$ cat upload_10.txt   # compact mmCIF, C-alpha atoms
# COMPACT_ATOMS: atom_id res chain seq x y z
CA MET Q 1 -19.07 -8.47 -22.41
CA LYS Q 2 -20.34 -6.92 -19.17
CA VAL Q 3 -19.72 -8.79 -15.93
CA LYS Q 4 -21.02 -7.96 -12.48
CA VAL Q 5 -19.15 -9.09 -9.39
CA HIS Q 6 -20.61 -8.98 -5.88
CA VAL Q 7 -18.16 -9.33 -3.01
CA THR Q 8 -19.72 -10.02 0.39
CA LEU Q 9 -18.41 -10.84 3.83
CA LYS Q 10 -18.63 -14.52 4.74
CA ASN Q 11 -21.20 -15.57 7.30
CA GLY Q 12 -19.78 -15.31 10.77
CA VAL Q 13 -17.38 -12.48 9.90
CA LEU Q 14 -18.26 -9.46 11.99
CA ASP Q 15 -19.37 -6.56 9.81
CA PRO Q 16 -19.16 -3.40 11.95
CA GLN Q 17 -20.22 -1.20 9.03
CA GLY Q 18 -23.29 -3.35 8.43
CA LYS Q 19 -24.10 -3.09 12.14
CA ALA Q 20 -23.85 0.72 11.97
CA ILE Q 21 -26.20 0.74 8.96
CA GLU Q 22 -28.62 -1.48 10.90
CA HIS Q 23 -28.61 0.87 13.90
CA THR Q 24 -29.03 3.99 11.78
CA LEU Q 25 -31.93 2.44 9.86
CA ALA Q 26 -33.56 1.63 13.19
CA SER Q 27 -33.03 5.18 14.43
CA LEU Q 28 -34.65 6.48 11.22
CA GLY Q 29 -37.71 4.45 12.12
CA PHE Q 30 -37.22 1.53 9.72
CA GLY Q 31 -38.30 -1.28 12.01
CA GLY Q 32 -37.93 -4.96 11.26
CA VAL Q 33 -34.46 -4.88 9.70
CA ASN Q 34 -33.09 -8.13 11.09
CA GLU Q 35 -29.64 -7.66 9.65
CA ALA Q 36 -27.66 -5.45 7.27
CA ARG Q 37 -24.46 -6.66 5.61
CA GLN Q 38 -22.29 -4.36 3.53
CA GLY Q 39 -20.44 -5.58 0.45
CA LYS Q 40 -18.92 -4.38 -2.80
CA PHE Q 41 -20.22 -4.33 -6.36
CA ILE Q 42 -17.76 -4.25 -9.25
CA GLU Q 43 -18.70 -3.89 -12.93
CA LEU Q 44 -16.27 -5.09 -15.56
CA ASP Q 45 -16.40 -4.61 -19.32
CA LEU Q 46 -14.38 -7.40 -20.92
CA ALA Q 47 -13.11 -7.83 -24.46
CA GLU Q 48 -13.90 -11.56 -24.11
CA THR Q 49 -17.12 -12.61 -25.91
CA ASP Q 50 -17.44 -16.20 -24.73
CA ALA Q 51 -19.41 -16.41 -21.48
CA ASP Q 52 -17.59 -19.45 -20.08
CA ALA Q 53 -14.17 -17.97 -20.83
CA ALA Q 54 -15.25 -14.66 -19.28
CA ARG Q 55 -16.46 -16.41 -16.14
CA ALA Q 56 -13.19 -18.31 -15.79
CA GLN Q 57 -11.22 -15.10 -16.28
CA VAL Q 58 -13.22 -13.16 -13.68
CA ASP Q 59 -13.02 -16.08 -11.24
CA GLU Q 60 -9.21 -15.76 -11.45
CA MET Q 61 -9.50 -11.99 -10.93
CA CYS Q 62 -11.62 -12.52 -7.82
CA LYS Q 63 -9.17 -15.02 -6.35
CA LYS Q 64 -6.12 -12.86 -7.10
CA LEU Q 65 -7.42 -9.37 -6.31
CA LEU Q 66 -11.11 -8.54 -6.17
CA ALA Q 67 -11.94 -10.60 -3.07
CA ASN Q 68 -9.95 -11.60 -0.01
CA THR Q 69 -11.19 -15.15 0.40
CA VAL Q 70 -10.12 -15.23 4.06
CA ILE Q 71 -13.17 -13.11 4.83
CA GLU Q 72 -15.12 -12.64 1.60
CA ASN Q 73 -17.28 -14.60 -0.82
CA TYR Q 74 -17.98 -13.49 -4.38
CA THR Q 75 -20.57 -14.11 -7.06
CA ILE Q 76 -20.12 -13.52 -10.79
CA ASP Q 77 -22.99 -12.54 -13.10
CA ILE Q 78 -22.40 -12.53 -16.84
CA GLU Q 79 -24.67 -10.20 -18.79
CA GLY Q 80 -25.74 -11.66 -22.12
CA MET F 81 23.46 -5.13 8.17
CA LYS F 82 21.68 -4.00 5.03
CA ALA F 83 18.09 -2.84 5.19
CA CYS F 84 15.59 -1.07 2.98
CA VAL F 85 12.17 0.54 3.15
CA ILE F 86 9.61 -0.18 0.41
CA VAL F 87 7.80 2.98 -0.72
CA PHE F 88 4.30 2.92 -2.22
CA PRO F 89 2.21 5.87 -3.37
CA ALA F 90 0.76 7.24 -0.09
CA SER F 91 3.19 5.51 2.23
CA ASN F 92 3.66 8.05 5.01
CA CYS F 93 5.80 6.33 7.67
CA ASP F 94 8.58 5.46 5.24
CA ARG F 95 10.91 8.27 6.36
CA ASP F 96 10.27 7.50 10.05
CA MET F 97 11.20 3.87 9.37
CA GLN F 98 14.37 4.91 7.55
CA VAL F 99 15.41 7.24 10.40
CA ALA F 100 14.74 4.55 13.03
CA LEU F 101 16.70 1.92 11.08
CA GLU F 102 19.63 4.23 10.36
CA ALA F 103 19.88 5.20 14.03
CA SER F 104 20.31 1.53 15.00
CA ILE F 105 22.34 0.36 12.00
CA GLY F 106 24.62 3.38 11.76
CA SER F 107 24.69 3.40 7.97
CA PRO F 108 22.33 4.51 5.18
CA VAL F 109 19.10 2.61 4.55
CA ASP F 110 17.77 2.43 0.98
CA MET F 111 14.32 3.49 -0.13
CA VAL F 112 12.93 1.09 -2.78
CA TRP F 113 10.12 2.20 -5.10
CA HIS F 114 7.10 -0.09 -5.52
CA ARG F 115 7.53 -0.31 -9.30
CA ASP F 116 11.05 -1.68 -9.01
CA THR F 117 11.33 -5.25 -10.22
CA GLN F 118 14.60 -6.09 -8.50
CA LEU F 119 15.44 -6.13 -4.83
CA GLY F 120 19.02 -5.82 -3.61
CA ASP F 121 20.73 -8.21 -1.23
CA TYR F 122 19.12 -7.06 2.02
CA ASP F 123 19.06 -8.69 5.44
CA LEU F 124 15.87 -6.84 6.30
CA VAL F 125 13.07 -5.46 4.13
CA THR F 126 10.57 -3.17 5.84
CA VAL F 127 7.08 -2.32 4.60
CA PRO F 128 6.06 0.96 6.22
CA GLY F 129 2.80 2.49 7.40
CA GLY F 130 0.58 4.77 5.38
CA PHE F 131 -2.39 4.48 3.08
CA SER F 132 -0.89 2.81 0.02
CA TYR F 133 -3.04 3.32 -3.08
CA GLY F 134 -5.53 5.24 -0.93
CA ASP F 135 -6.68 1.97 0.69
CA TYR F 136 -8.64 1.32 -2.52
CA LEU F 137 -10.57 -1.98 -2.66
CA ARG F 138 -9.09 -3.20 0.66
CA CYS F 139 -6.21 -1.89 2.78
CA GLY F 140 -2.97 -3.14 1.27
CA ALA F 141 -4.69 -5.01 -1.59
CA MET F 142 -3.13 -3.04 -4.44
CA ALA F 143 0.28 -2.66 -2.81
CA ALA F 144 0.45 -6.43 -2.22
CA ARG F 145 0.23 -6.98 -6.00
CA SER F 146 2.78 -4.31 -6.97
CA PRO F 147 5.93 -5.45 -8.83
CA ILE F 148 8.32 -5.13 -5.89
CA MET F 149 6.18 -7.35 -3.66
CA ALA F 150 6.90 -10.38 -5.84
CA GLU F 151 10.56 -9.81 -4.94
CA VAL F 152 9.76 -9.26 -1.25
CA ILE F 153 7.95 -12.62 -1.25
CA LYS F 154 11.03 -14.31 -2.75
CA HIS F 155 13.21 -12.55 -0.16
CA ALA F 156 11.00 -13.96 2.63
CA GLU F 157 10.98 -17.43 1.05
CA ARG F 158 14.78 -17.42 1.23
CA GLY F 159 14.44 -17.02 5.00
CA ARG F 160 15.42 -13.34 5.02
CA HIS F 161 13.60 -10.99 7.36
CA VAL F 162 10.59 -8.79 6.60
CA LEU F 163 8.96 -6.28 8.96
CA GLY F 164 5.58 -4.71 8.16
CA VAL F 165 4.14 -1.96 10.33
CA CYS F 166 0.52 -0.77 10.21
CA ASN F 167 -0.29 -0.51 6.47
CA GLY F 168 2.80 -2.68 6.00
CA PHE F 169 1.14 -5.38 8.15
CA GLN F 170 -1.99 -5.12 5.99
CA VAL F 171 0.15 -5.44 2.85
CA LEU F 172 1.95 -8.55 4.17
CA CYS F 173 -1.39 -10.21 5.00
CA GLU F 174 -2.79 -9.37 1.55
CA ALA F 175 0.41 -10.69 -0.03
CA GLY F 176 -0.04 -14.01 1.77
CA LEU F 177 3.19 -13.68 3.77
CA LEU F 178 1.22 -13.58 7.01
CA PRO F 179 -2.04 -15.30 7.97
CA GLY F 180 -5.27 -13.39 8.49
CA VAL F 181 -6.54 -9.98 7.53
CA LEU F 182 -6.98 -6.54 9.13
CA MET F 183 -10.58 -5.39 9.14
CA ARG F 184 -12.30 -2.11 10.07
CA ASN F 185 -11.90 -1.32 13.80
CA ALA F 186 -14.81 -2.74 15.76
CA ASN F 187 -15.85 0.74 16.94
CA LEU F 188 -15.57 2.06 13.34
CA LYS F 189 -13.30 4.88 14.51
CA PHE F 190 -9.80 5.86 13.50
CA ILE F 191 -7.73 5.18 16.61
CA CYS F 192 -4.68 7.32 17.26
CA LYS F 193 -3.16 6.88 20.71
CA ASP F 194 -0.48 5.12 22.73
CA VAL F 195 -1.36 1.54 23.65
CA ALA F 196 0.18 -0.96 26.05
CA LEU F 197 1.48 -4.16 24.47
CA LYS F 198 2.65 -7.41 25.96
CA VAL F 199 5.66 -9.10 24.39
CA GLU F 200 4.70 -12.74 23.86
CA ARG F 201 8.11 -14.06 22.87
CA ASN F 202 11.63 -12.70 22.66
CA ASP F 203 13.31 -15.52 20.75
CA THR F 204 12.93 -13.80 17.38
CA ALA F 205 15.17 -11.30 15.60
CA PHE F 206 12.41 -8.72 16.01
CA THR F 207 11.86 -9.11 19.74
CA ASN F 208 15.16 -10.21 21.27
CA GLY F 209 15.66 -6.68 22.63
CA TYR F 210 12.71 -7.23 24.95
CA THR F 211 11.91 -9.78 27.63
CA ALA F 212 9.00 -12.18 27.22
CA GLY F 213 6.00 -10.96 29.19
CA GLN F 214 7.30 -7.39 29.23
CA THR F 215 4.73 -4.63 28.81
CA LEU F 216 5.66 -1.70 26.60
CA THR F 217 4.03 1.25 24.90
CA TYR F 218 3.79 1.85 21.17
CA PRO F 219 1.54 4.32 19.37
CA VAL F 220 -1.24 3.09 17.08
CA ALA F 221 -2.83 5.13 14.28
CA HIS F 222 -5.22 3.13 12.16
CA HIS F 223 -8.78 2.66 10.97
CA ASP F 224 -8.37 -0.98 9.97
CA GLY F 225 -6.45 -2.85 12.64
CA ASN F 226 -9.01 -5.41 13.67
CA TYR F 227 -7.11 -8.68 13.21
CA PHE F 228 -9.24 -11.56 11.96
CA THR F 229 -8.73 -15.14 10.82
CA ASP F 230 -10.97 -18.16 10.69
CA ALA F 231 -11.05 -20.28 13.85
CA GLU F 232 -8.83 -22.98 12.41
CA THR F 233 -6.07 -20.53 11.42
CA LEU F 234 -6.28 -18.80 14.79
CA LYS F 235 -5.78 -22.14 16.51
CA ALA F 236 -2.72 -22.83 14.35
CA ILE F 237 -1.28 -19.37 15.00
CA GLU F 238 -1.69 -19.79 18.76
CA GLY F 239 -0.42 -23.38 18.66
CA ASN F 240 2.71 -22.40 16.74
CA GLY F 241 3.43 -19.45 19.02
CA GLN F 242 3.13 -17.01 16.12
CA VAL F 243 1.74 -14.17 18.25
CA ALA F 244 4.56 -11.69 18.92
CA PHE F 245 2.60 -8.89 20.61
CA ARG F 246 -0.81 -8.65 22.27
CA TYR F 247 -2.80 -5.58 23.27
CA VAL F 248 -3.18 -5.25 27.04
CA ASP F 249 -6.44 -3.34 26.47
CA ASN F 250 -7.72 -4.32 23.02
CA PRO F 251 -8.53 -1.07 21.17
CA ASN F 252 -9.84 -2.38 17.85
CA GLY F 253 -11.55 -5.76 18.31
CA SER F 254 -8.62 -7.91 17.18
CA LEU F 255 -9.12 -11.64 17.72
CA GLY F 256 -7.08 -12.91 20.66
CA ASP F 257 -5.93 -9.30 21.37
CA ILE F 258 -3.37 -9.89 18.60
CA ALA F 259 -1.31 -6.79 17.80
CA GLY F 260 1.56 -8.45 15.97
CA VAL F 261 1.89 -11.82 14.27
CA LEU F 262 4.82 -13.82 12.86
CA ASN F 263 4.84 -16.26 9.99
CA GLU F 264 5.42 -19.87 10.93
CA ALA F 265 9.17 -19.67 10.25
CA GLY F 266 9.49 -16.52 12.38
CA ASN F 267 11.27 -14.39 9.74
CA VAL F 268 8.27 -12.21 8.87
CA LEU F 269 6.56 -9.96 11.44
CA GLY F 270 3.59 -7.68 10.97
CA LEU F 271 2.19 -5.41 13.65
CA MET F 272 -0.28 -2.53 13.78
CA PRO F 273 1.49 -0.40 16.45
CA HIS F 274 4.43 1.76 15.37
CA PRO F 275 7.83 0.97 16.95
CA GLU F 276 9.55 3.41 14.54
CA ARG F 277 7.69 6.33 16.13
CA LEU F 278 9.26 5.80 19.56
CA VAL F 279 13.01 5.55 19.07
CA ASP F 280 14.14 8.89 20.47
CA PRO F 281 13.40 10.57 23.82
CA LEU F 282 12.52 13.73 21.88
CA LEU F 283 9.57 11.84 20.36
CA GLY F 284 8.21 10.92 23.78
CA GLY F 285 9.84 7.58 24.42
CA THR F 286 12.18 4.86 23.27
CA ASP F 287 10.13 1.66 23.64
CA GLY F 288 10.48 1.01 19.90
CA LYS F 289 14.25 1.27 19.88
CA PRO F 290 15.00 -2.27 21.19
CA MET F 291 13.22 -3.75 18.16
CA PHE F 292 15.66 -2.11 15.76
CA ASP F 293 18.70 -2.64 18.00
CA GLY F 294 17.66 -6.29 18.36
CA LEU F 295 17.35 -6.71 14.59
CA VAL F 296 20.85 -5.31 14.14
CA LYS F 297 22.18 -7.64 16.83
CA SER F 298 20.58 -10.68 15.15
CA LEU F 299 21.10 -9.86 11.49
CA ALA F 300 24.40 -7.97 11.35
CA ALA F 301 26.98 -10.13 9.61

$ encode --input "upload_10.txt" --output "structure tokens"
Amino acid sequence: MKVKVHVTLKNGVLDPQGKAIEHTLASLGFGGVNEARQGKFIELDLAETDADAARAQVDEMCKKLLANTVIENYTIDIEG
Amino acid sequence: MKACVIVFPASNCDRDMQVALEASIGSPVDMVWHRDTQLGDYDLVTVPGGFSYGDYLRCGAMAARSPIMAEVIKHAERGRHVLGVCNGFQVLCEAGLLPGVLMRNANLKFICKDVALKVERNDTAFTNGYTAGQTLTYPVAHHDGNYFTDAETLKAIEGNGQVAFRYVDNPNGSLGDIAGVLNEAGNVLGLMPHPERLVDPLLGGTDGKPMFDGLVKSLAA
């Protein structure tokens, strides 16, 4: 079962890399970018076939390793 | 006093730490591999600088989950002392031994220079060789030293007097100019600047030496 995890910085956490992306986009002439936030995308291929069990397992993985919940949020997408 | 240095793949200040500790202790200091599952009976465990696991995922994230760190956490829970420098500070935060997290420097640059620090308190084993309010110089060399916590945690840290060192001229955007932070019990210290790099006049100064001499004074049986 394929699972996609997005890890993003929480609102209010300064994202200097996102700011740099914003400025570079502006200097390339892409106007109207109000904000850029950089995150991480992790793809997992699990042996688990039950969607609920997979979600619970990946939730544990996020809490223990994939995200630092002091500064990051995560979302889990199970692919059918 | 018995001390050791934890070694991860891509630690690179481990030998410096060993040399600094041995100079103050006067006897050999063990190197302990990250895959080890047992930790000897040490008074002080140090987690050195470097780029453990290539900084993959987040700085210190992999190292914090390595087998030896479970033992380092138990060591700290018994009230024994732990010192983390630079990457070691990042590892201790990721391991939950210290509050907060070290993020990318606000200016996005790797910063390698000497910085002035203010000693906030000298009633700990780590800082008793200094005087409170003293200004000293340590080198920094990091890309991710921007200390961050949520507002509530920051308030608690300040309220408990957990800040050990502050930058005089904040180089990296750290909240509250925090350069080094203690756990609530005061037996775990993490700091971004490198005391182990300034323990011999040949290396350009000795401002780091009192930290190691002070640890020996406090922890020697």

$ closest_residue --input "upload_10.txt" --among "F:His161, F:Lys189, F:His114, F:Arg184" --to "Phe206 of chain F" --atoms "only C-alpha atoms"
F:His161

$ interface_residues --input "upload_10.txt" --of "chain F" --to "chain Q" --cutoff "12 Å" --atoms "all atoms listed in the file" --output "PyMOL selection string"
chain F and resi 136-146+170+173-176+178-189+224+226-234+252-255

$ residues_around --input "upload_10.txt" --residues "Pro147 of chain F" --least-positions-apart "4" --cutoff "10 Å" --atoms "all atoms listed in the file" --output "list in words"
Trp113, His114, Arg115, Asp116, Thr117, Gln118, Ala143, Glu151 and Val152 of chain F

$ residues_around --input "upload_10.txt" --residues "Lys2 of chain Q" --least-positions-apart "5" --cutoff "10 Å" --atoms "only C-alpha atoms" --output "ChimeraX atom specification"
/Q:43-49,51,54,77-80

$ closest_residue --input "upload_10.txt" --among "F:Ala265, F:Glu200, F:Val171, F:Ala103" --to "Asp280 of chain F" --atoms "all atoms listed in the file"
F:Ala103

$ residues_around --input "upload_10.txt" --residues "segment 27-39 of chain Q" --least-positions-apart "3" --cutoff "10 Å" --atoms "only C-alpha atoms" --output "PyMOL selection string"
chain Q and resi 6-11+14-24+72-74

$ atom_distance --input "upload_10.txt" --atom1 "atom CA of Ile105 of chain F" --atom2 "atom CA of Asp287 of chain F"
16.9 Å

$ closest_residue --input "upload_10.txt" --among "Q:Ala53, Q:Val58, Q:Met1, Q:Leu25" --to "Thr75 of chain Q" --atoms "only C-alpha atoms"
Q:Val58

$ atom_distance --input "upload_10.txt" --atom1 "atom CA of Phe41 of chain Q" --atom2 "atom CA of Tyr133 of chain F"
19.1 Å

$ residues_near_point --input "upload_10.txt" --point "(4.1, -6.6, 9.9)" --cutoff "12 Å" --atoms "only C-alpha atoms" --output "PyMOL selection string"
chain F and resi 125-129+140+161-182+206+225+227+243-245+258-263+266-275

$ write_last_selection --input "upload_10.txt" --atoms "C-alpha atoms" --output "tab-separated table (two decimals), in the coordinates of the input"
chain	number	residue	atom	x	y	z
F	125	VAL	CA	13.07	-5.46	4.13
F	126	THR	CA	10.57	-3.17	5.84
F	127	VAL	CA	7.08	-2.32	4.60
F	128	PRO	CA	6.06	0.96	6.22
F	129	GLY	CA	2.80	2.49	7.40
F	140	GLY	CA	-2.97	-3.14	1.27
F	161	HIS	CA	13.60	-10.99	7.36
F	162	VAL	CA	10.59	-8.79	6.60
F	163	LEU	CA	8.96	-6.28	8.96
F	164	GLY	CA	5.58	-4.71	8.16
F	165	VAL	CA	4.14	-1.96	10.33
F	166	CYS	CA	0.52	-0.77	10.21
F	167	ASN	CA	-0.29	-0.51	6.47
F	168	GLY	CA	2.80	-2.68	6.00
F	169	PHE	CA	1.14	-5.38	8.15
F	170	GLN	CA	-1.99	-5.12	5.99
F	171	VAL	CA	0.15	-5.44	2.85
F	172	LEU	CA	1.95	-8.55	4.17
F	173	CYS	CA	-1.39	-10.21	5.00
F	174	GLU	CA	-2.79	-9.37	1.55
F	175	ALA	CA	0.41	-10.69	-0.03
F	176	GLY	CA	-0.04	-14.01	1.77
F	177	LEU	CA	3.19	-13.68	3.77
F	178	LEU	CA	1.22	-13.58	7.01
F	179	PRO	CA	-2.04	-15.30	7.97
F	180	GLY	CA	-5.27	-13.39	8.49
F	181	VAL	CA	-6.54	-9.98	7.53
F	182	LEU	CA	-6.98	-6.54	9.13
F	206	PHE	CA	12.41	-8.72	16.01
F	225	GLY	CA	-6.45	-2.85	12.64
F	227	TYR	CA	-7.11	-8.68	13.21
F	243	VAL	CA	1.74	-14.17	18.25
F	244	ALA	CA	4.56	-11.69	18.92
F	245	PHE	CA	2.60	-8.89	20.61
F	258	ILE	CA	-3.37	-9.89	18.60
F	259	ALA	CA	-1.31	-6.79	17.80
F	260	GLY	CA	1.56	-8.45	15.97
F	261	VAL	CA	1.89	-11.82	14.27
F	262	LEU	CA	4.82	-13.82	12.86
F	263	ASN	CA	4.84	-16.26	9.99
F	266	GLY	CA	9.49	-16.52	12.38
F	267	ASN	CA	11.27	-14.39	9.74
F	268	VAL	CA	8.27	-12.21	8.87
F	269	LEU	CA	6.56	-9.96	11.44
F	270	GLY	CA	3.59	-7.68	10.97
F	271	LEU	CA	2.19	-5.41	13.65
F	272	MET	CA	-0.28	-2.53	13.78
F	273	PRO	CA	1.49	-0.40	16.45
F	274	HIS	CA	4.43	1.76	15.37
F	275	PRO	CA	7.83	0.97	16.95

$ residues_around --input "upload_10.txt" --residues "segment 297-300 of chain F" --least-positions-apart "5" --cutoff "10 Å" --atoms "all atoms listed in the file" --output "ChimeraX atom specification"
/F:81-83,104-105,123-124,160-161,204-209,290-292

$ atom_distance --input "upload_10.txt" --atom1 "atom CA of Ile237 of chain F" --atom2 "atom CA of Glu157 of chain F"
18.7 Å

$ decode --input "upload_10.txt" --residues "segment 88-157 of chain F" --atoms "C-alpha atoms" --output "PDB file, in the first residue's frame"
ATOM      1  CA  PHE F  88      27.908   8.802  15.067  1.00  0.00           C
ATOM      2  CA  PRO F  89      28.655   8.376  11.373  1.00  0.00           C
ATOM      3  CA  ALA F  90      29.842  11.877  10.326  1.00  0.00           C
ATOM      4  CA  SER F  91      30.563  13.167  13.800  1.00  0.00           C
ATOM      5  CA  ASN F  92      33.593  15.390  13.261  1.00  0.00           C
ATOM      6  CA  CYS F  93      34.255  17.105  16.613  1.00  0.00           C
ATOM      7  CA  ASP F  94      34.459  13.843  18.539  1.00  0.00           C
ATOM      8  CA  ARG F  95      38.277  13.796  18.736  1.00  0.00           C
ATOM      9  CA  ASP F  96      38.384  17.483  19.746  1.00  0.00           C
ATOM     10  CA  MET F  97      35.930  16.716  22.543  1.00  0.00           C
ATOM     11  CA  GLN F  98      37.999  13.746  23.695  1.00  0.00           C
ATOM     12  CA  VAL F  99      41.215  15.822  23.727  1.00  0.00           C
ATOM     13  CA  ALA F 100      39.522  18.657  25.649  1.00  0.00           C
ATOM     14  CA  LEU F 101      38.050  16.263  28.224  1.00  0.00           C
ATOM     15  CA  GLU F 102      41.283  14.324  28.686  1.00  0.00           C
ATOM     16  CA  ALA F 103      43.235  17.542  29.233  1.00  0.00           C
ATOM     17  CA  SER F 104      40.941  18.485  32.131  1.00  0.00           C
ATOM     18  CA  ILE F 105      40.315  15.010  33.554  1.00  0.00           C
ATOM     19  CA  GLY F 106      43.866  13.722  33.219  1.00  0.00           C
ATOM     20  CA  SER F 107      42.822  10.206  32.249  1.00  0.00           C
ATOM     21  CA  PRO F 108      41.532   8.494  29.093  1.00  0.00           C
ATOM     22  CA  VAL F 109      38.050   9.287  27.792  1.00  0.00           C
ATOM     23  CA  ASP F 110      36.121   6.535  25.994  1.00  0.00           C
ATOM     24  CA  MET F 111      34.649   6.790  22.522  1.00  0.00           C
ATOM     25  CA  VAL F 112      31.243   5.037  22.343  1.00  0.00           C
ATOM     26  CA  TRP F 113      29.827   3.932  18.975  1.00  0.00           C
ATOM     27  CA  HIS F 114      26.224   4.850  18.138  1.00  0.00           C
ATOM     28  CA  ARG F 115      25.203   1.228  17.582  1.00  0.00           C
ATOM     29  CA  ASP F 116      26.232   0.207  21.084  1.00  0.00           C
ATOM     30  CA  THR F 117      23.295  -0.803  23.238  1.00  0.00           C
ATOM     31  CA  GLN F 118      25.008  -0.443  26.593  1.00  0.00           C
ATOM     32  CA  LEU F 119      26.522   2.608  28.204  1.00  0.00           C
ATOM     33  CA  GLY F 120      29.143   2.313  30.926  1.00  0.00           C
ATOM     34  CA  ASP F 121      28.969   3.976  34.312  1.00  0.00           C
ATOM     35  CA  TYR F 122      29.884   7.523  33.280  1.00  0.00           C
ATOM     36  CA  ASP F 123      29.583  10.792  35.182  1.00  0.00           C
ATOM     37  CA  LEU F 124      29.439  12.708  31.922  1.00  0.00           C
ATOM     38  CA  VAL F 125      28.287  11.728  28.436  1.00  0.00           C
ATOM     39  CA  THR F 126      29.121  14.134  25.621  1.00  0.00           C
ATOM     40  CA  VAL F 127      27.435  14.298  22.228  1.00  0.00           C
ATOM     41  CA  PRO F 128      29.851  15.992  19.829  1.00  0.00           C
ATOM     42  CA  GLY F 129      29.520  18.254  16.813  1.00  0.00           C
ATOM     43  CA  GLY F 130      29.423  17.120  13.214  1.00  0.00           C
ATOM     44  CA  PHE F 131      26.843  16.176  10.639  1.00  0.00           C
ATOM     45  CA  SER F 132      25.527  12.884  11.975  1.00  0.00           C
ATOM     46  CA  TYR F 133      23.797  10.839   9.263  1.00  0.00           C
ATOM     47  CA  GLY F 134      24.479  13.673   6.812  1.00  0.00           C
ATOM     48  CA  ASP F 135      21.787  15.802   8.486  1.00  0.00           C
ATOM     49  CA  TYR F 136      19.235  13.651   6.627  1.00  0.00           C
ATOM     50  CA  LEU F 137      15.555  14.468   7.288  1.00  0.00           C
ATOM     51  CA  ARG F 138      16.418  17.017  10.013  1.00  0.00           C
ATOM     52  CA  CYS F 139      19.682  17.769  11.829  1.00  0.00           C
ATOM     53  CA  GLY F 140      20.120  15.197  14.577  1.00  0.00           C
ATOM     54  CA  ALA F 141      16.881  13.349  13.754  1.00  0.00           C
ATOM     55  CA  MET F 142      18.456  10.002  12.875  1.00  0.00           C
ATOM     56  CA  ALA F 143      21.158  10.153  15.546  1.00  0.00           C
ATOM     57  CA  ALA F 144      18.523  10.852  18.213  1.00  0.00           C
ATOM     58  CA  ARG F 145      16.881   7.494  17.406  1.00  0.00           C
ATOM     59  CA  SER F 146      20.098   5.457  17.304  1.00  0.00           C
ATOM     60  CA  PRO F 147      20.466   2.583  19.812  1.00  0.00           C
ATOM     61  CA  ILE F 148      22.933   4.340  22.125  1.00  0.00           C
ATOM     62  CA  MET F 149      20.649   7.358  22.576  1.00  0.00           C
ATOM     63  CA  ALA F 150      18.094   5.248  24.445  1.00  0.00           C
ATOM     64  CA  GLU F 151      20.877   4.617  26.971  1.00  0.00           C
ATOM     65  CA  VAL F 152      21.919   8.287  27.027  1.00  0.00           C
ATOM     66  CA  ILE F 153      18.300   9.192  27.849  1.00  0.00           C
ATOM     67  CA  LYS F 154      18.321   6.718  30.756  1.00  0.00           C
ATOM     68  CA  HIS F 155      21.664   8.148  31.909  1.00  0.00           C
ATOM     69  CA  ALA F 156      20.127  11.658  31.942  1.00  0.00           C
ATOM     70  CA  GLU F 157      16.992  10.418  33.713  1.00  0.00           C
TER      71      GLU F 157
END
